[in-house]
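S.K.: What follows is work.pdb, PDB, C-alpha atoms (C1' of nucleotides).
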```pdb
ATOM      1  CA  MET D   1      -5.281 -27.089   8.727  1.00  0.00           C
ATOM      2  CA  PRO D   2      -3.517 -24.394   7.050  1.00  0.00           C
ATOM      3  CA  THR D   3      -4.500 -25.145   3.518  1.00  0.00           C
ATOM      4  CA  ASP D   4      -5.689 -21.599   3.216  1.00  0.00           C
ATOM      5  CA  TYR D   5      -2.426 -19.906   3.862  1.00  0.00           C
ATOM      6  CA  SER D   6      -3.377 -16.427   2.955  1.00  0.00           C
ATOM      7  CA  PHE D   7      -1.391 -13.728   1.354  1.00  0.00           C
ATOM      8  CA  PHE D   8      -1.183 -12.362   4.848  1.00  0.00           C
ATOM      9  CA  GLU D   9       0.544 -15.419   6.272  1.00  0.00           C
ATOM     10  CA  ASN D  10       3.079 -15.172   3.514  1.00  0.00           C
ATOM     11  CA  VAL D  11       3.694 -11.549   4.345  1.00  0.00           C
ATOM     12  CA  TYR D  12       4.088 -12.284   8.029  1.00  0.00           C
ATOM     13  CA  ASP D  13       6.595 -14.997   7.236  1.00  0.00           C
ATOM     14  CA  VAL D  14       8.779 -12.687   5.189  1.00  0.00           C
ATOM     15  CA  VAL D  15       8.611  -9.931   7.790  1.00  0.00           C
ATOM     16  CA  ARG D  16       9.786 -12.338  10.474  1.00  0.00           C
ATOM     17  CA  LEU D  17      12.762 -13.154   8.267  1.00  0.00           C
ATOM     18  CA  ILE D  18      13.939  -9.574   8.272  1.00  0.00           C
ATOM     19  CA  PRO D  19      17.322  -9.512  10.032  1.00  0.00           C
ATOM     20  CA  LYS D  20      17.587  -7.423  13.146  1.00  0.00           C
ATOM     21  CA  GLY D  21      18.811  -3.935  12.460  1.00  0.00           C
ATOM     22  CA  ARG D  22      17.534  -4.059   8.908  1.00  0.00           C
ATOM     23  CA  VAL D  23      14.451  -2.695   7.204  1.00  0.00           C
ATOM     24  CA  THR D  24      12.501  -3.470   4.076  1.00  0.00           C
ATOM     25  CA  THR D  25       9.652  -2.029   2.089  1.00  0.00           C
ATOM     26  CA  TYR D  26       6.113  -3.082   1.399  1.00  0.00           C
ATOM     27  CA  GLY D  27       6.865  -3.177  -2.296  1.00  0.00           C
ATOM     28  CA  ALA D  28       9.868  -5.439  -1.806  1.00  0.00           C
ATOM     29  CA  ILE D  29       7.783  -7.903   0.164  1.00  0.00           C
ATOM     30  CA  ALA D  30       5.013  -7.737  -2.379  1.00  0.00           C
ATOM     31  CA  ALA D  31       7.504  -8.378  -5.139  1.00  0.00           C
ATOM     32  CA  TYR D  32       8.884 -11.346  -3.219  1.00  0.00           C
ATOM     33  CA  LEU D  33       5.393 -12.756  -3.045  1.00  0.00           C
ATOM     34  CA  GLY D  34       5.041 -12.291  -6.762  1.00  0.00           C
ATOM     35  CA  ALA D  35       2.582  -9.458  -6.499  1.00  0.00           C
ATOM     36  CA  LYS D  36       4.703  -6.396  -6.941  1.00  0.00           C
ATOM     37  CA  LYS D  37       1.641  -4.310  -7.620  1.00  0.00           C
ATOM     38  CA  SER D  38       0.077  -5.330  -4.356  1.00  0.00           C
ATOM     39  CA  ALA D  39       2.270  -3.382  -2.019  1.00  0.00           C
ATOM     40  CA  ARG D  40      -0.907  -2.066  -0.461  1.00  0.00           C
ATOM     41  CA  LEU D  41      -1.943  -5.558   0.461  1.00  0.00           C
ATOM     42  CA  VAL D  42       1.283  -5.933   2.396  1.00  0.00           C
ATOM     43  CA  GLY D  43       0.509  -2.853   4.387  1.00  0.00           C
ATOM     44  CA  TYR D  44      -3.041  -3.954   4.843  1.00  0.00           C
ATOM     45  CA  ALA D  45      -1.803  -7.319   6.035  1.00  0.00           C
ATOM     46  CA  MET D  46       0.247  -5.642   8.714  1.00  0.00           C
ATOM     47  CA  ASN D  47      -2.996  -4.264   9.980  1.00  0.00           C
ATOM     48  CA  GLY D  48      -3.595  -7.513  11.777  1.00  0.00           C
ATOM     49  CA  SER D  49       0.052  -8.244  12.476  1.00  0.00           C
ATOM     50  CA  HIS D  50      -0.357  -7.170  16.071  1.00  0.00           C
ATOM     51  CA  LYS D  51      -2.447 -10.233  16.750  1.00  0.00           C
ATOM     52  CA  ILE D  52      -0.031 -12.592  15.040  1.00  0.00           C
ATOM     53  CA  VAL D  53       2.180 -14.969  16.978  1.00  0.00           C
ATOM     54  CA  PRO D  54       5.094 -15.055  17.060  1.00  0.00           C
ATOM     55  CA  TYR D  55       5.712 -11.385  17.040  1.00  0.00           C
ATOM     56  CA  VAL D  56       5.874  -9.763  13.632  1.00  0.00           C
ATOM     57  CA  PRO D  57       8.500  -7.020  13.500  1.00  0.00           C
ATOM     58  CA  ALA D  58       6.315  -4.753  11.435  1.00  0.00           C
ATOM     59  CA  HIS D  59       8.371  -1.827  12.645  1.00  0.00           C
ATOM     60  CA  ARG D  60      11.076  -2.999  10.253  1.00  0.00           C
ATOM     61  CA  VAL D  61       8.755  -2.480   7.342  1.00  0.00           C
ATOM     62  CA  VAL D  62       8.539   0.991   5.896  1.00  0.00           C
ATOM     63  CA  ASN D  63       7.448   2.504   2.636  1.00  0.00           C
ATOM     64  CA  ARG D  64       9.780   2.976  -0.290  1.00  0.00           C
ATOM     65  CA  VAL D  65      10.966   6.348   0.991  1.00  0.00           C
ATOM     66  CA  GLY D  66      11.940   4.958   4.350  1.00  0.00           C
ATOM     67  CA  VAL D  67       9.096   6.664   6.162  1.00  0.00           C
ATOM     68  CA  LEU D  68       7.406   4.972   9.091  1.00  0.00           C
ATOM     69  CA  SER D  69       4.023   4.934   7.441  1.00  0.00           C
ATOM     70  CA  GLY D  70       2.441   2.814  10.132  1.00  0.00           C
ATOM     71  CA  LYS D  71       4.054   4.244  13.203  1.00  0.00           C
ATOM     72  CA  HIS D  72       0.653   5.437  14.276  1.00  0.00           C
ATOM     73  CA  PHE D  73      -0.483   1.829  14.443  1.00  0.00           C
ATOM     74  CA  PHE D  74       2.193   0.937  16.967  1.00  0.00           C
ATOM     75  CA  GLY D  75       0.719   3.104  19.607  1.00  0.00           C
ATOM     76  CA  LEU D  76      -0.101   6.664  20.243  1.00  0.00           C
ATOM     77  CA  GLY D  77       3.553   7.508  20.802  1.00  0.00           C
ATOM     78  CA  ASP D  78       6.662   6.851  18.759  1.00  0.00           C
ATOM     79  CA  GLU D  79       6.823   3.242  19.805  1.00  0.00           C
ATOM     80  CA  MET D  80       7.838   2.161  16.329  1.00  0.00           C
ATOM     81  CA  LYS D  81      10.658   4.649  16.393  1.00  0.00           C
ATOM     82  CA  GLU D  82      11.779   3.370  19.779  1.00  0.00           C
ATOM     83  CA  LEU D  83      11.812  -0.186  18.485  1.00  0.00           C
ATOM     84  CA  LEU D  84      13.912   0.765  15.496  1.00  0.00           C
ATOM     85  CA  GLU D  85      16.385   2.734  17.562  1.00  0.00           C
ATOM     86  CA  ALA D  86      16.684  -0.236  19.891  1.00  0.00           C
ATOM     87  CA  GLU D  87      18.005  -2.175  16.910  1.00  0.00           C
ATOM     88  CA  GLY D  88      20.426   0.529  15.916  1.00  0.00           C
ATOM     89  CA  ILE D  89      18.193   2.095  13.313  1.00  0.00           C
ATOM     90  CA  TRP D  90      18.006   5.824  13.763  1.00  0.00           C
ATOM     91  CA  VAL D  91      14.843   7.613  12.854  1.00  0.00           C
ATOM     92  CA  LYS D  92      14.548  11.290  12.078  1.00  0.00           C
ATOM     93  CA  ASN D  93      11.261  13.004  11.300  1.00  0.00           C
ATOM     94  CA  ASP D  94       9.625   9.576  10.962  1.00  0.00           C
ATOM     95  CA  LYS D  95      12.206   8.649   8.375  1.00  0.00           C
ATOM     96  CA  VAL D  96      14.836   5.922   8.573  1.00  0.00           C
ATOM     97  CA  ILE D  97      18.360   7.283   8.485  1.00  0.00           C
ATOM     98  CA  ALA D  98      20.590   5.575   5.944  1.00  0.00           C
ATOM     99  CA  PHE D  99      17.555   3.678   4.818  1.00  0.00           C
ATOM    100  CA  LYS D 100      19.274   2.791   1.606  1.00  0.00           C
ATOM    101  CA  GLU D 101      22.050   1.068   3.515  1.00  0.00           C
ATOM    102  CA  LEU D 102      19.729  -0.647   5.935  1.00  0.00           C
ATOM    103  CA  PHE D 103      17.399  -1.794   3.208  1.00  0.00           C
ATOM    104  CA  TRP D 104      17.005  -5.546   3.146  1.00  0.00           C
ATOM    105  CA  ASP D 105      15.616  -6.899  -0.077  1.00  0.00           C
ATOM    106  CA  PRO D 106      14.097 -10.390   0.302  1.00  0.00           C
ATOM    107  CA  ASN D 107      14.352 -10.928  -3.440  1.00  0.00           C
ATOM    108  CA  LYS D 108      18.045 -10.268  -3.322  1.00  0.00           C
ATOM    109  CA  GLU D 109      19.277 -11.534   0.039  1.00  0.00           C
ATOM    110  CA  LEU D 110      16.701 -14.093   0.961  1.00  0.00           C
ATOM    111  CA  ILE D 111      16.934 -17.357  -0.875  1.00  0.00           C
ATOM    112  CA  LEU D 112      14.106 -19.819  -0.951  1.00  0.00           C
TER
ATOM    113  C1'  DC B 113     -22.248 -11.243  -4.007  1.00  0.00           C
ATOM    114  C1'  DG B 114     -21.101  -6.090  -4.809  1.00  0.00           C
ATOM    115  C1'  DA B 115     -18.907  -2.034  -2.991  1.00  0.00           C
ATOM    116  C1'  DT B 116     -15.418  -0.059  -0.141  1.00  0.00           C
ATOM    117  C1'  DT B 117     -10.909   0.091   1.847  1.00  0.00           C
ATOM    118  C1'  DG B 118      -5.951   0.476   2.411  1.00  0.00           C
ATOM    119  C1'  DA B 119       0.812   0.834   7.118  1.00  0.00           C
ATOM    120  C1'  DC B 120       1.872   1.573  -1.398  1.00  0.00           C
ATOM    121  C1'  DG B 121       3.789   2.689  -5.801  1.00  0.00           C
ATOM    122  C1'  DT B 122       4.094   4.624 -10.207  1.00  0.00           C
ATOM    123  C1'  DA B 123       2.638   7.985 -13.636  1.00  0.00           C
ATOM    124  C1'  DC B 124       1.376  12.402 -15.004  1.00  0.00           C
ATOM    125  C1'  DG B 125       0.745  17.599 -14.887  1.00  0.00           C
TER
ATOM    126  C1'  DT R 126      10.533  19.528  -7.750  1.00  0.00           C
ATOM    127  C1'  DC R 127       6.098  18.929  -5.650  1.00  0.00           C
ATOM    128  C1'  DG R 128       1.143  17.673  -5.662  1.00  0.00           C
ATOM    129  C1'  DT R 129      -2.563  14.959  -7.455  1.00  0.00           C
ATOM    130  C1'  DA R 130      -4.633  10.897  -9.802  1.00  0.00           C
ATOM    131  C1'  DC R 131      -5.033   6.290 -10.725  1.00  0.00           C
ATOM    132  C1'  DG R 132      -4.109   1.358 -10.519  1.00  0.00           C
ATOM    133  C1'  DC R 133      -3.540  -3.239  -7.813  1.00  0.00           C
ATOM    134  C1'  DC R 134      -5.616  -6.968  -5.472  1.00  0.00           C
ATOM    135  C1'  DA R 135      -7.042  -9.317  -1.472  1.00  0.00           C
ATOM    136  C1'  DA R 136      -9.825  -8.741   2.742  1.00  0.00           C
ATOM    137  C1'  DT R 137     -13.668  -6.828   5.076  1.00  0.00           C
ATOM    138  C1'  DC R 138     -18.349  -4.736   5.522  1.00  0.00           C
TER
END
```
Kindly return the structure encoded in the file as structure tokens.
M.R.:
Amino acid sequence: MPTDYSFFENVYDVVRLIPKGRVTTYGAIAAYLGAKKSARLVGYAMNGSHKIVPYVPAHRVVNRVGVLSGKHFFGLGDEMKELLEAEGIWVKNDKVIAFKELFWDPNKELIL
DNA sequence: CGATTGACGTACG
DNA sequence: TCGTACGCCAATC
């Protein structure tokens, strides 16, 4: 019984809510959870996202600069990049093109 | 139970 | 403008 819904579960939930073709940041998610300072926890949470079901689109989560910080965790290749491009998000030098436009802020667009 | 870690972010030099 | 330092806070060792 999920009485111990962890910070992680909360993170996973928000990440799943990210619309296709959009991206967000660790800080934005952290802020949505009420722990703006804990952006690192969000990233750390994603560490186990690969074992989470349903699938957690962690590839839509980047750092505040729009860089695919965790692309290395998606595989040895540019799998994260491939996933993003498949959604219409172009990536150049491990950076999201037009990141500012594609940025999806849960605090702003997601309503509880 | 204490120390270390981390897919970040902000501040400072 | 770029590089380095520190802080946050929960999870893991």
S.K.: Name the residues in contact with range 25-38 of chain D at a cut-off of 6 Å, using only C-alpha atoms (C1' of nucleotides), excluding same-chain residues fewer than 6 positions from it; report them as a count of residues only.
M.R.: 6
S.K.: Residues within 12 Å of Gly21 in chain D, please, as a ChimeraX atom specification. Count all atoms listed in the file; anything in the same chain fewer than 6 positions from it doesn't count.
M.R.: /D:57,59-61,83-90,96-99,101-104
S.K.: Between CA of Asp105 in chain D and CA of Tyr44 in chain D, what is the spacing in Å?
M.R.: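 Here the two named atoms are 19.5 Å from each other.
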S.K.: For C1' of DT122 in chain B and CA of Gly43 in chain D, quote the distance in Å rounded to one decimal.
M.R.: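 Atom-to-atom, C1' of DT122 in chain B to CA of Gly43 in chain D, that is 16.8 Å.
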S.K.: For Val65 in chain D, which of D:Met80, D:Ala45, D:Val23, D:Ile52 is the closest residue, counting all atoms listed in the file?
M.R.: D:Val23
S.K.: Residues of chain B were defined as contacting chain D if any atom lay at most 6 Å from it, counting only C-alpha atoms (C1' of nucleotides); please report them as a ChimeraX atom specification.
M.R.: /B:118-120
S.K.: I need the residues from that last selection saved to file as an mmCIF file, in the coordinates of the input (with C-alpha atoms (C1' of nucleotides)), if you can.
M.R.:
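Output file again09.cif is given in full below:
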```cif
data_model
loop_
_atom_site.group_PDB
_atom_site.id
_atom_site.type_symbol
_atom_site.label_atom_id
_atom_site.label_comp_id
_atom_site.auth_asym_id
_atom_site.auth_seq_id
_atom_site.Cartn_x
_atom_site.Cartn_y
_atom_site.Cartn_z
ATOM 1 C "C1'" DG B 118 -5.951 0.476 2.411
ATOM 2 C "C1'" DA B 119 0.812 0.834 7.118
ATOM 3 C "C1'" DC B 120 1.872 1.573 -1.398
#
```
S.K.: So that each row is one residue of chain R with an atom at most 12 Å from chain D, can you give its shortest atom pair and the distance in Å to one decimal, using all atoms listed in the file, rows by chain and rising number, as a Markdown table?
M.R.:
```
| residue | atom | partner | partner_atom | distance |
| --- | --- | --- | --- | --- |
| R:DG132 | C1' | D:Lys37 | CA | 8.6 |
| R:DC133 | C1' | D:Lys37 | CA | 5.3 |
| R:DC134 | C1' | D:Ser38 | CA | 6.0 |
| R:DA135 | C1' | D:Leu41 | CA | 6.6 |
| R:DA136 | C1' | D:Tyr44 | CA | 8.6 |
| R:DT137 | C1' | D:Tyr44 | CA | 11.0 |
```
S.K.: Can you turn the PyMOL selection byres ((chain B and resi 116) around 9) into a concrete residue list for this file, as a list of chain:residue names?
M.R.: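 Evaluating the PyMOL selection byres ((chain B and resi 116) around 9) on this file yields B:DA115, B:DT117, R:DT137, R:DC138.
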S.K.: With C-alpha atoms (C1' of nucleotides) retained, write the just-selected residues as a tab-separated table (two decimals), in the frame of the given file.
M.R.:
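Here's the written file part09.tsv:
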```
chain	number	residue	atom	x	y	z
B	115	DA	C1'	-18.91	-2.03	-2.99
B	117	DT	C1'	-10.91	0.09	1.85
R	137	DT	C1'	-13.67	-6.83	5.08
R	138	DC	C1'	-18.35	-4.74	5.52
```
S.K.: To one decimal place in Å, what is the distance between CA of Leu110 in chain D and CA of Ser49 in chain D?
M.R.: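 Atom-to-atom, CA of Leu110 in chain D to CA of Ser49 in chain D, that is 21.1 Å.
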S.K.: Build an axis-aligned box that encloses every atom of chain R listed in the file, pad it by 6 Å on each side, and report its centre and edge lengths in Å to one decimal, as lines of an AutoDock Vina configuration file.
M.R.:
```
center_x = -3.9
center_y = 5.1
center_z = -2.6
size_x = 40.9
size_y = 40.8
size_z = 28.2
```
S.K.: Find the residues around DA123 in chain B up to 10 Å (all atoms listed in the file counted), leave out those fewer than 2 positions away in its own chain, and share them as a list in words.
M.R.: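 Close residues of DA123 in chain B: DG121 and DG125 of chain B; DA130, DC131 and DG132 of chain R.
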S.K.: Where atoms are missing, can you supply N, CA and C atoms for range 55-68 of chain D and output the lot as a CSV table (one decimal), in the coordinates of the input?
M.R.:
```
chain,number,residue,atom,x,y,z
D,55,TYR,N,5.7,-12.8,17.3
D,55,TYR,CA,5.7,-11.4,17.0
D,55,TYR,C,6.2,-11.1,15.6
D,56,VAL,N,5.5,-10.2,15.0
D,56,VAL,CA,5.9,-9.8,13.6
D,56,VAL,C,6.5,-8.4,13.7
D,57,PRO,N,7.8,-8.3,13.4
D,57,PRO,CA,8.5,-7.0,13.5
D,57,PRO,C,8.1,-6.1,12.4
D,58,ALA,N,6.9,-5.6,12.5
D,58,ALA,CA,6.3,-4.8,11.4
D,58,ALA,C,7.0,-3.4,11.4
D,59,HIS,N,7.7,-3.1,12.6
D,59,HIS,CA,8.4,-1.8,12.6
D,59,HIS,C,9.6,-1.8,11.7
D,60,ARG,N,10.0,-3.0,11.2
D,60,ARG,CA,11.1,-3.0,10.3
D,60,ARG,C,10.6,-2.8,8.8
D,61,VAL,N,9.3,-2.7,8.7
D,61,VAL,CA,8.8,-2.5,7.3
D,61,VAL,C,8.3,-1.0,7.2
D,62,VAL,N,8.9,-0.4,6.2
D,62,VAL,CA,8.5,1.0,5.9
D,62,VAL,C,8.2,1.1,4.4
D,63,ASN,N,7.8,2.3,4.0
D,63,ASN,CA,7.4,2.5,2.6
D,63,ASN,C,8.7,2.7,1.8
D,64,ARG,N,8.6,2.9,0.6
D,64,ARG,CA,9.8,3.0,-0.3
D,64,ARG,C,10.7,4.2,0.0
D,65,VAL,N,10.2,5.2,0.7
D,65,VAL,CA,11.0,6.3,1.0
D,65,VAL,C,11.7,6.2,2.3
D,66,GLY,N,11.3,5.2,3.1
D,66,GLY,CA,11.9,5.0,4.4
D,66,GLY,C,11.2,5.6,5.5
D,67,VAL,N,9.9,6.0,5.2
D,67,VAL,CA,9.1,6.7,6.2
D,67,VAL,C,8.3,5.6,6.9
D,68,LEU,N,8.2,5.9,8.2
D,68,LEU,CA,7.4,5.0,9.1
D,68,LEU,C,5.9,5.2,8.9
```
